[in-house]
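S.K.: I have a structure I would like to understand better, so I am pasting it below and will then ask my questions one at a time.
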Amino acid sequence: MSRKILQHRMFVWQPWVLLAPSLLTLMALVLVPFIQTLHLAFSHDPHGFVPAQTGATLENFWIMMGDSSWWRSVRTTVIFALGSVVVETVLGVGFAVILQKLNTVIRGIVLAVMLLPWAVPGVVAARLWSWMLNEQYGVINAVLLESGLIKHGVAWTAGPNGMLATMIVVDIWQATPFMTLLALAGLQTVPTDALEAALMDGATHWQCFRYVTMPLIWPMLTVAALFRLLDALRMFDLSSVLYGVDMNGMTLSVFIHTQIVQLGAPGYGAAAALATLGVITLTVVLFWRCITLPQRREPF
Amino acid sequence: MKRRLSVFLAGCALILSSGVRAKNLTVFCSSNGAEMALCASETQAWAHMTGNTVTLVPLPSDWGAILPLYRQLLSAQSPMVDVLVMDGTWLGTLAPRLGIIPRAAADDDLTPGPFVSSGHDVALPWYRDVGLLFYRRDLLEKYRFPVPQSWDELGAEANAIQKAERARGDSALWGYVWQGRTAESLVCNVLEWFGPEGGTIVSGDGQITLDNGVARAAMKRAAGWIGTISPSGVLSDDEEAARGAFQSGHAVFMRNWVYAWALANDPQSVIAGKVGVAALPREKASDPPRGVDGTVYLGMARNSPHPEEALSLMRYLTSPEVERERVVRGAYIPARRALLNDPAVLTALPVLSTIRTALARPVLRPVAQTGTDYPRVAWLAANSFHQTLSGQQDAAGSLRRLSEIFEFMARRGRWSESRAGEDVLEEKTQ
């Protein structure tokens, strides 16, 4: 009876009407800007004394292929994202294991304190670290000089490697708490009886962790790492605040922003944005294959 | 009752007629307090004189955020701005959207002249600035050194004083601080090292002249300063960071703009009264003094609904009377040659007599020759120069690569058609 009523009353257009508000919102927020970006990416920018021409062109992509500053930002972004996410995941699991051994009250307090860096906005964190790392007045150089470890102040962000390393360190400082929290949540789901059974069978603690705990929390960790990776690949704040328009520390997001806002080349910026989408997709797909591969190969 | 009605009608007529006659101009002229107050009083005086009104809009305090803002405002369909203050480096980019200013006899006195784009004047110089050498007069006197005239002399003096002072216990003293951060000011520093023979990246007729022997030698010499007479941190310094080091007594020489003079001699400053200022050194001591021109211009939006009023306001703001007042009240260097001999101006800004030589022959950045491409030229150049100075690339290789990129951009953007020509860039400030 109820089935009949349902069939009778449901028209084909009904679900579409119900979905319409969210579809329209999505279109306005995602599809329209995306199509505009597509359009811009294939249109001309003004150059020198040549005003922007009309008509579609592949010029922007052609220029990008030979633009060393673009390739440098691709390199910076990918190394930054992979470097920081891998370290954050490893550290996050490590901290989570330690935290799990603490009693609930202390764990709560420690966790709350640990989460503070995650609560600091990226721009503030970047400004904070740039002061701490300052060659002349920075607290880090002051401590190292005082303790006699270095003789002259170190210009931490003077070279391209130092700039990249600094960004990775700041991101690790900021995002490790997030990974710790997720890893801890994963650890809580590991059934204690499985661990006890393994111990009973003579497994060492390391073997328990490696062959019981890790496989159980692995799916959760990979998803968490993937989220972090997507976040890190579009990082803007640290690079922009720490290095401005310096090509050495420029990530893809800052590159796009520089082209459009500072250099007044919306077409080239849009082309770079599209290409960035490609870089992110490629990195994420490769990353996903790499981390899901061991699971397929090894029969846990 | 009738009388009341007539008064009311007359009032209405007055309001309506004044509404038709008086125009309201939107003016962008400053961001900070003192400058804004000066600008407000000047524009108010003009408004009073002409019966128009002026709305001042404060600019972001970060000068770098203004160019993107102007791009948006000027390309908007509806006019959002009438008169705007502009850095000299933005003019090539903004020129297609700026109103054309008819030549007037009063413009002949302006230095450097009005900015020309495609054969038309689009901006009038408002006040000037120039790269200068600041030095510790007390230290130079102590070691009996003259003010350096060439870069090699500066290197030798900085080295000698730094060594001697450090031996006396002042371990934090450095010889020379400048602006090495990857930014526009690094381009200024580099063009000053190049001198007349090293050129200004792009010649007046749009040819790339960057890759030459003098430029290579200048880059090598400057790279040699890092870690010897300049701290390695100079590569992340801007104007304020360099001034911080100099003003706290940690440097013998500094390259900076005119504003540093008043601050260095402020009673709060530890080096007050011990500072000297001069034109920057040159490649050869016999070359004429050259510092990069930092003139600030006024222009109007091409789509301004009140072009006549906007022009009138610009002419008023660049008039000798207002320029004189700006020196007296705000220490702005006037953009009028005749005022450099004016007693009131010289009394208000005595340093003018010392820096006259630098003001006479400024180095102009290749803004007129590169059109809308200048921001990209400066960005690429600053990054390449920075990599050379920090030792990631050798001078010859990086100048060659940069030249190749600029050759490509010049063909694409038809820089040779700029019609800027030598006649425009010629040092008409003489």
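The way I read the labels, and the way they are meant: chains A, B, ... in the order of the structure tokens, residue 1 as the first residue of every chain, and ligand 1 as the first ligand shown, with later ones counted on from there.
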Which residues of chain A sit at most 7 Å from chain B, using only C-alpha atoms? Give each one's shortest atom pair and distance in Å (one decimal place), in chain and ascending residue order, as a Markdown table.
M.R.:
```
| residue | atom | partner | partner_atom | distance |
| --- | --- | --- | --- | --- |
| A:His47 | CA | B:Gly413 | CA | 4.5 |
| A:Gly48 | CA | B:Gly413 | CA | 4.0 |
| A:Phe49 | CA | B:Gly413 | CA | 5.4 |
| A:Val50 | CA | B:Gly413 | CA | 5.5 |
| A:Glu135 | CA | B:Gly233 | CA | 6.6 |
| A:Ala155 | CA | B:Gly233 | CA | 6.2 |
| A:Asp246 | CA | B:Thr182 | CA | 5.7 |
| A:Met247 | CA | B:Asn383 | CA | 6.5 |
| A:Val261 | CA | B:Pro68 | CA | 5.5 |
| A:Gln262 | CA | B:Pro68 | CA | 6.2 |
| A:Leu263 | CA | B:Pro375 | CA | 5.5 |
```
S.K.: Please list as a ChimeraX atom specification every residue within 12 Å of A:Phe178, counting only C-alpha atoms and excluding residues in the same chain fewer than 4 positions away.
M.R.: /A:85,88-89,91-93,95-96,111-112,114-119,171-174,182-185,221,224-225,227-228
S.K.: Rounded to one decimal in Å, what is the spacing between atom CA of B:Ser31 and atom CA of B:Thr111?
M.R.: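 Rounded to one decimal, the two atoms are 24.3 Å apart.
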S.K.: Distance atom CA of B:Trp46-atom CA of B:Val85, one decimal place?
M.R.: 16.4 Å
S.K.: Contacts of stretch 126-129 of chain A at 10 Å or less, counting only C-alpha atoms, minus same-chain residues fewer than 3 places along, as an NGL selection string?
M.R.: :A and (120-123 or 132-134 or 138-140 or 166-167 or 169-171 or 237-243)
S.K.: So that I can check the surroundings of A:Tyr268, please list as a PyMOL selection string every protein, DNA and RNA residue that reaches within 12 Å of it, counting only C-alpha atoms and ignoring chain neighbours fewer than 3 positions away.
M.R.: chain A and resi 37-47+52+57-65+67+70+255-261+263-265+271-275
S.K.: As a PyMOL selection string, please: the residues near stretch 331-335 of chain B (cut-off 10 Å, only C-alpha atoms, same-chain neighbours under 2 positions excluded).
M.R.: chain B and resi 35+109-113+124-130+258-259+262+295-297+318-320+322-329+337-340+345+348-349+352+359+429
S.K.: Counting only C-alpha atoms, which of B:Phe134, B:Trp174, B:Phe194, B:Trp151 gets nearest to B:Leu263?
M.R.: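 Among the listed residues, B:Phe134 lies closest to B:Leu263.
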S.K.: Report the residues of stretch 233-419 of chain B whose backbone DSSP state falls under helix (DSSP H, G or I), written as a count of residues only.
M.R.: 106
